[in-house]
>>> print(open('target00.txt').read())   # compact mmCIF, C-alpha atoms
# COMPACT_ATOMS: atom_id res chain seq x y z
CA MET C 214 66.70 94.94 83.61
CA ARG C 215 69.37 92.28 83.88
CA LYS C 216 72.71 93.11 85.46
CA LEU C 217 75.76 92.56 83.25
CA THR C 218 78.99 91.76 85.11
CA GLY C 219 82.43 91.21 83.63
CA ALA C 220 84.59 88.91 85.76
CA VAL C 221 88.24 88.81 84.73
CA PHE C 222 91.52 87.15 85.63
CA VAL C 223 94.14 89.80 84.87
CA SER C 224 97.88 90.29 85.33
CA LEU C 225 99.44 93.43 86.80
CA ASP C 226 100.15 94.66 83.27
CA GLY C 227 96.57 94.12 82.15
CA VAL C 228 96.92 90.84 80.23
CA VAL C 229 93.89 88.54 80.19
CA GLN C 230 94.92 86.04 77.53
CA ALA C 231 94.77 82.29 78.19
CA PRO C 232 94.66 82.15 81.99
CA GLY C 233 93.37 78.59 81.99
CA GLY C 234 95.97 76.52 80.12
CA PRO C 235 98.92 76.51 77.72
CA THR C 236 96.86 75.51 74.67
CA GLU C 237 93.88 77.74 75.44
CA ASP C 238 94.88 80.67 73.21
CA PRO C 239 98.46 80.90 71.95
CA THR C 240 97.60 83.45 69.24
CA GLY C 241 100.21 86.13 68.72
CA GLY C 242 102.88 83.79 70.03
CA PHE C 243 101.59 83.96 73.60
CA ASP C 244 103.43 81.26 75.55
CA GLN C 245 102.37 81.88 79.16
CA GLY C 246 98.98 80.16 79.04
CA GLY C 247 97.72 78.79 82.34
CA TRP C 248 99.29 81.54 84.42
CA VAL C 249 96.55 81.64 87.07
CA PHE C 250 97.54 78.25 88.43
CA GLY C 251 101.01 79.37 89.45
CA VAL C 252 99.47 81.69 92.04
CA GLY C 253 96.45 79.84 93.38
CA ASP C 254 94.93 82.01 96.09
CA GLU C 255 91.96 81.16 98.30
CA VAL C 256 90.63 84.72 98.04
CA ILE C 257 89.27 83.79 94.61
CA ASP C 258 87.15 80.84 95.71
CA PRO C 259 84.24 82.72 97.31
CA VAL C 260 84.19 85.18 94.41
CA LEU C 261 83.82 82.42 91.83
CA GLY C 262 81.33 80.64 94.05
CA GLU C 263 79.12 83.71 94.08
CA LEU C 264 79.48 84.43 90.37
CA PHE C 265 78.64 80.89 89.32
CA THR C 266 75.74 80.25 91.66
CA PRO C 267 72.71 79.62 89.40
CA PRO C 268 70.79 81.15 87.88
CA TYR C 269 73.07 83.05 85.54
CA ALA C 270 73.61 83.37 81.79
CA LEU C 271 76.87 83.92 79.95
CA VAL C 272 77.77 86.57 77.40
CA LEU C 273 80.75 85.43 75.33
CA GLY C 274 82.82 86.39 72.32
CA ARG C 275 83.16 83.78 69.59
CA ARG C 276 86.69 82.64 70.50
CA THR C 277 85.94 82.23 74.19
CA TYR C 278 82.79 80.35 73.23
CA ASP C 279 84.84 77.98 71.07
CA ILE C 280 87.32 77.41 73.92
CA PHE C 281 84.54 76.68 76.39
CA ALA C 282 82.51 74.54 73.96
CA ALA C 283 85.52 72.32 73.26
CA TYR C 284 86.19 71.74 76.96
CA TRP C 285 83.28 72.07 79.35
CA PRO C 286 80.71 69.70 77.77
CA TYR C 287 83.35 66.97 78.00
CA ALA C 288 84.74 67.79 81.44
CA GLU C 289 85.19 64.86 83.79
CA GLY C 290 86.20 64.26 87.38
CA GLU C 291 86.05 67.07 89.90
CA VAL C 292 85.13 69.68 87.25
CA ALA C 293 82.31 67.63 85.70
CA ALA C 294 79.65 69.42 87.77
CA MET C 295 80.88 72.78 86.52
CA GLY C 296 80.67 71.51 82.97
CA GLU C 297 77.10 70.40 83.52
CA ALA C 298 76.18 73.78 85.00
CA LEU C 299 77.70 75.70 82.10
CA THR C 300 75.96 73.44 79.61
CA ALA C 301 72.63 74.07 81.32
CA ALA C 302 73.14 77.86 81.38
CA ASP C 303 72.11 80.05 78.47
CA LYS C 304 75.15 81.21 76.49
CA HIS C 305 74.75 84.36 74.40
CA VAL C 306 77.49 84.69 71.81
CA LEU C 307 78.27 88.04 70.21
CA THR C 308 79.56 87.13 66.75
CA HIS C 309 79.46 88.45 63.21
CA GLY C 310 80.11 85.00 61.74
CA ASP C 311 77.57 82.38 60.78
CA ARG C 312 79.26 79.23 62.04
CA PRO C 313 76.83 77.11 64.07
CA LEU C 314 76.67 77.27 67.85
CA ASP C 315 76.34 73.58 68.65
CA TRP C 316 76.70 73.63 72.44
CA ALA C 317 73.31 73.23 74.13
CA ASN C 318 71.50 76.44 75.11
CA SER C 319 73.64 78.67 72.89
CA HIS C 320 72.19 81.77 71.25
CA ARG C 321 73.59 84.20 68.70
CA LEU C 322 73.85 87.97 69.25
CA ASP C 323 74.49 89.90 66.06
CA ASP C 324 75.52 93.27 67.49
CA ILE C 325 75.72 95.53 70.53
CA ASP C 326 72.05 96.45 70.16
CA ALA C 327 71.22 92.78 70.63
CA VAL C 328 73.15 92.84 73.93
CA ARG C 329 71.12 95.87 74.98
CA ALA C 330 67.88 94.06 74.14
CA LEU C 331 69.08 91.01 76.07
CA LYS C 332 69.70 93.14 79.15
CA GLU C 333 66.20 94.57 78.88
CA SER C 334 64.59 91.12 78.62
CA ASP C 335 63.49 88.85 81.45
CA GLY C 336 65.93 86.29 82.76
CA PRO C 337 68.89 85.76 85.06
CA ASP C 338 71.77 88.21 85.38
CA LEU C 339 74.50 88.08 82.76
CA LEU C 340 78.17 87.22 83.21
CA ILE C 341 81.05 87.84 80.80
CA GLN C 342 83.89 85.34 80.90
CA GLY C 343 87.07 85.80 78.86
CA SER C 344 86.01 87.60 75.70
CA SER C 345 88.42 90.53 75.90
CA THR C 346 87.15 92.00 72.60
CA LEU C 347 83.73 92.63 74.15
CA TYR C 348 84.85 95.11 76.78
CA PRO C 349 85.63 98.19 74.65
CA PRO C 350 82.28 98.23 72.76
CA LEU C 351 80.20 97.23 75.79
CA LEU C 352 81.81 99.90 77.96
CA ALA C 353 81.37 102.47 75.20
CA ALA C 354 77.68 101.56 75.01
CA GLY C 355 77.27 101.81 78.79
CA LEU C 356 76.10 98.21 79.08
CA ILE C 357 78.47 96.86 81.75
CA ASP C 358 77.16 97.35 85.28
CA GLU C 359 80.07 95.92 87.26
CA LEU C 360 83.65 94.74 86.79
CA VAL C 361 85.13 92.06 89.04
CA LEU C 362 88.89 92.09 88.57
CA MET C 363 91.00 89.29 90.02
CA THR C 364 94.49 90.76 89.66
CA PHE C 365 97.44 88.38 89.94
CA PRO C 366 100.88 89.48 91.16
CA ILE C 367 102.61 88.72 87.88
CA VAL C 368 103.70 90.65 84.78
CA LEU C 369 103.28 88.79 81.48
CA GLY C 370 104.81 91.35 79.15
CA ASN C 371 102.65 90.61 76.12
CA GLY C 372 99.24 89.26 75.29
CA LYS C 373 95.67 90.43 74.87
CA ARG C 374 94.71 93.27 77.21
CA LEU C 375 91.41 93.78 78.99
CA PHE C 376 91.03 97.41 77.96
CA GLY C 377 92.01 97.29 74.30
CA ASP C 378 91.58 99.70 71.42
CA GLY C 379 88.27 101.54 71.53
CA THR C 380 87.91 101.55 75.31
CA PRO C 381 86.36 104.91 76.25
CA PRO C 382 87.77 107.18 78.97
CA ALA C 383 85.66 106.70 82.08
CA ALA C 384 85.70 106.84 85.87
CA PHE C 385 84.90 103.89 88.13
CA ARG C 386 83.74 103.63 91.73
CA LEU C 387 85.27 101.00 94.02
CA LEU C 388 82.58 98.77 95.51
CA ASP C 389 84.66 96.22 97.37
CA GLN C 390 88.20 94.89 97.69
CA SER C 391 90.04 91.96 99.24
CA VAL C 392 93.61 90.71 99.17
CA GLY C 393 94.67 87.09 99.36
CA ALA C 394 97.60 85.66 101.25
CA LYS C 395 99.49 85.13 97.99
CA GLY C 396 98.87 88.64 96.71
CA VAL C 397 95.84 88.22 94.46
CA ILE C 398 93.71 91.36 94.69
CA VAL C 399 89.98 91.16 94.04
CA THR C 400 88.26 94.44 93.31
CA ARG C 401 84.70 95.23 92.29
CA TRP C 402 84.02 98.37 90.28
CA ALA C 403 80.94 100.19 89.04
CA PRO C 404 80.99 102.75 86.22
CA ALA C 405 80.95 106.28 87.59
CA GLY C 406 80.55 108.48 84.53
CA ASP C 407 83.12 110.75 82.98
CA ILE C 408 86.62 111.27 84.32
CA PRO C 409 86.42 114.06 86.93
CA THR C 410 87.90 117.35 85.84
CA ALA C 411 90.42 119.23 87.95
CA ASP C 412 92.16 122.56 87.97
CA HIS C 413 95.61 122.03 86.50
CA PRO C 414 98.64 124.20 87.17
CA GLN C 415 99.25 126.86 84.57
CA PRO C 416 101.71 125.57 81.96
CA SER C 417 105.20 126.95 81.99
CA THR C 418 105.96 129.78 79.57
CA SER C 419 109.73 129.47 79.94
CA ALA C 420 111.89 129.50 76.85
CA ALA C 421 112.84 125.89 77.59
CA GLU C 422 109.16 124.86 77.64
CA VAL C 423 108.43 126.77 74.44
CA GLU C 424 111.30 124.90 72.81
CA ARG C 425 110.02 121.57 74.17
CA GLN C 426 106.54 122.22 72.80
CA GLN C 427 108.02 123.06 69.42
CA ARG C 428 110.02 119.81 69.40
CA MET C 429 106.85 117.86 70.23
CA ASN C 430 105.04 119.57 67.36
CA ASP C 431 107.72 118.79 64.82
CA GLY C 432 108.27 115.22 66.04
CA SER C 433 111.85 115.64 67.29
CA TRP C 434 111.09 115.30 71.04
>>> encode(input="target00.txt", output="structure tokens")
Amino acid sequence: MRKLTGAVFVSLDGVVQAPGGPTEDPTGGFDQGGWVFGVGDEVIDPVLGELFTPPYALVLGRRTYDIFAAYWPYAEGEVAAMGEALTAADKHVLTHGDRPLDWANSHRLDDIDAVRALKESDGPDLLIQGSSTLYPPLLAAGLIDELVLMTFPIVLGNGKRLFGDGTPPAAFRLLDQSVGAKGVIVTRWAPAGDIPTADHPQPSTSAAEVERQQRMNDGSW
């Protein structure tokens, strides 16, 4: 069984859109692209080094695939080696469309069941990059084994969130944590089943609470 890890750059308010550059993904009027570079923190370097040490294979949504495929095969200079490594890696793209996947070593996944079959096949561990739309269905299907969150000390206010519509309620167990000198927090999480239940205080039966409940029910609260 292959391990599936989601590694994410995320703001304090949960935004994951366009961390890498201003033209990466301005959909929805997002104008803060490239936000990770304003808070470069050395705590991230060993994390990325571990994640991108071959062998690995990528699991991507179609838009993240398009972003990567338009950049990394053509990367030059100090990032050329990373481009070569990503080109050599298998890239599994979860997409309902039929547009071709022209980047070398790219493979189509038609649905969540195909991701499940991929995990059960032989091969290197799997890594999600970007691809915010994948998290709700993959978490709901129980297919993500670990989350690596690199949380930046910024609030973006708007943009695509990591845990969007359809994300199931769930508990997570902290595996590891580290904090950089500039405030970036790296945490590793493993799914830990359902949210633990607890004994709650008995609700108030005061007249004021009865009135409040009524106002909630009729939409005037």
>>> atom_distance(input="target00.txt", atom1="atom CA of C:Ala270", atom2="atom CA of C:Thr240")
27.1 Å
>>> atom_distance(input="target00.txt", atom1="atom CA of C:Pro409", atom2="atom CA of C:Thr364")
24.8 Å
>>> closest_residue(input="target00.txt", among="C:Gly247, C:Gly296, C:Gly219, C:Gly372", to="C:Pro232", atoms="all atoms listed in the file")
C:Gly247
>>> atom_distance(input="target00.txt", atom1="atom CA of C:Thr218", atom2="atom CA of C:Gly242")
29.4 Å
>>> closest_residue(input="target00.txt", among="C:Asp238, C:Glu263, C:Glu333, C:Glu255", to="C:Ile280", atoms="only C-alpha atoms")
C:Asp238
>>> residues_around(input="target00.txt", residues="C:Arg374", least_positions_apart="3", cutoff="10 Å", atoms="all atoms listed in the file", output="number ranges by chain")
C: 223-224, 226-230, 345-346, 371, 377-378
>>> write_last_selection(input="target00.txt", atoms="C-alpha atoms", output="PDB file, in the frame of the given file")
ATOM      1  CA  VAL C 223      94.140  89.800  84.870  1.00  0.00           C
ATOM      2  CA  SER C 224      97.880  90.290  85.330  1.00  0.00           C
ATOM      3  CA  ASP C 226     100.150  94.660  83.270  1.00  0.00           C
ATOM      4  CA  GLY C 227      96.570  94.120  82.150  1.00  0.00           C
ATOM      5  CA  VAL C 228      96.920  90.840  80.230  1.00  0.00           C
ATOM      6  CA  VAL C 229      93.890  88.540  80.190  1.00  0.00           C
ATOM      7  CA  GLN C 230      94.920  86.040  77.530  1.00  0.00           C
ATOM      8  CA  SER C 345      88.420  90.530  75.900  1.00  0.00           C
ATOM      9  CA  THR C 346      87.150  92.000  72.600  1.00  0.00           C
ATOM     10  CA  ASN C 371     102.650  90.610  76.120  1.00  0.00           C
ATOM     11  CA  GLY C 377      92.010  97.290  74.300  1.00  0.00           C
ATOM     12  CA  ASP C 378      91.580  99.700  71.420  1.00  0.00           C
TER      13      ASP C 378
END
>>> residues_around(input="target00.txt", residues="stretch 334-342 of chain C", least_positions_apart="6", cutoff="8 Å", atoms="all atoms listed in the file", output="PyMOL selection string")
chain C and resi 214-221+264+268-273+277
>>> residues_around(input="target00.txt", residues="C:Pro404", least_positions_apart="5", cutoff="7 Å", atoms="all atoms listed in the file", output="list in words")
Asp358, Glu359, Ala384, Phe385 and Arg386 of chain C
>>> residues_around(input="target00.txt", residues="C:Asp323", least_positions_apart="2", cutoff="7 Å", atoms="all atoms listed in the file", output="ChimeraX atom specification")
/C:307-309,321,327
>>> write_last_selection(input="target00.txt", atoms="C-alpha atoms", output="mmCIF file, in the frame of the given file")
data_model
loop_
_atom_site.group_PDB
_atom_site.id
_atom_site.type_symbol
_atom_site.label_atom_id
_atom_site.label_comp_id
_atom_site.auth_asym_id
_atom_site.auth_seq_id
_atom_site.Cartn_x
_atom_site.Cartn_y
_atom_site.Cartn_z
ATOM 1 C CA LEU C 307 78.270 88.040 70.210
ATOM 2 C CA THR C 308 79.560 87.130 66.750
ATOM 3 C CA HIS C 309 79.460 88.450 63.210
ATOM 4 C CA ARG C 321 73.590 84.200 68.700
ATOM 5 C CA ALA C 327 71.220 92.780 70.630
#
>>> closest_residue(input="target00.txt", among="C:Gly370, C:Gly406, C:Gly396, C:Gly262", to="C:Pro382", atoms="all atoms listed in the file")
C:Gly406
>>> residues_around(input="target00.txt", residues="C:Ala353", least_positions_apart="2", cutoff="12 Å", atoms="all atoms listed in the file", output="short mmCIF file (atom, residue, chain, number, x, y, z; two decimals) with C-alpha atoms, keeping the file's coordinate frame")
data_model
loop_
_atom_site.label_atom_id
_atom_site.label_comp_id
_atom_site.auth_asym_id
_atom_site.auth_seq_id
_atom_site.Cartn_x
_atom_site.Cartn_y
_atom_site.Cartn_z
CA ILE C 325 75.72 95.53 70.53
CA LEU C 347 83.73 92.63 74.15
CA TYR C 348 84.85 95.11 76.78
CA PRO C 349 85.63 98.19 74.65
CA PRO C 350 82.28 98.23 72.76
CA LEU C 351 80.20 97.23 75.79
CA GLY C 355 77.27 101.81 78.79
CA LEU C 356 76.10 98.21 79.08
CA ILE C 357 78.47 96.86 81.75
CA PHE C 376 91.03 97.41 77.96
CA GLY C 377 92.01 97.29 74.30
CA ASP C 378 91.58 99.70 71.42
CA GLY C 379 88.27 101.54 71.53
CA THR C 380 87.91 101.55 75.31
CA PRO C 381 86.36 104.91 76.25
CA PRO C 382 87.77 107.18 78.97
CA ALA C 383 85.66 106.70 82.08
CA PRO C 404 80.99 102.75 86.22
CA GLY C 406 80.55 108.48 84.53
CA ASP C 407 83.12 110.75 82.98
#
>>> closest_residue(input="target00.txt", among="C:Glu237, C:Leu387, C:Lys332, C:Gly393", to="C:Pro259", atoms="all atoms listed in the file")
C:Gly393
>>> decode(input="target00.txt", residues="stretch 225-246 of chain C", atoms="C-alpha atoms", output="PDB file, in the first residue's frame")
ATOM      1  CA  LEU C 225      -3.446  31.512   8.933  1.00  0.00           C
ATOM      2  CA  ASP C 226      -6.946  31.861   7.496  1.00  0.00           C
ATOM      3  CA  GLY C 227      -6.659  28.645   5.504  1.00  0.00           C
ATOM      4  CA  VAL C 228      -5.953  30.038   2.022  1.00  0.00           C
ATOM      5  CA  VAL C 229      -3.832  27.881  -0.291  1.00  0.00           C
ATOM      6  CA  GLN C 230      -4.315  29.689  -3.590  1.00  0.00           C
ATOM      7  CA  ALA C 231      -1.330  30.713  -5.728  1.00  0.00           C
ATOM      8  CA  PRO C 232       1.526  30.586  -3.216  1.00  0.00           C
ATOM      9  CA  GLY C 233       4.142  30.478  -5.959  1.00  0.00           C
ATOM     10  CA  GLY C 234       3.623  33.618  -8.043  1.00  0.00           C
ATOM     11  CA  PRO C 235       1.290  36.471  -9.013  1.00  0.00           C
ATOM     12  CA  THR C 236       0.174  34.869 -12.291  1.00  0.00           C
ATOM     13  CA  GLU C 237      -0.126  31.331 -10.941  1.00  0.00           C
ATOM     14  CA  ASP C 238      -3.882  31.393 -10.250  1.00  0.00           C
ATOM     15  CA  PRO C 239      -5.683  34.749 -10.120  1.00  0.00           C
ATOM     16  CA  THR C 240      -9.142  33.175 -10.461  1.00  0.00           C
ATOM     17  CA  GLY C 241     -11.829  34.815  -8.371  1.00  0.00           C
ATOM     18  CA  GLY C 242      -9.882  38.070  -8.432  1.00  0.00           C
ATOM     19  CA  PHE C 243      -7.156  36.731  -6.147  1.00  0.00           C
ATOM     20  CA  ASP C 244      -4.340  39.299  -6.206  1.00  0.00           C
ATOM     21  CA  GLN C 245      -1.926  38.037  -3.536  1.00  0.00           C
ATOM     22  CA  GLY C 246      -0.182  35.361  -5.594  1.00  0.00           C
TER      23      GLY C 246
END
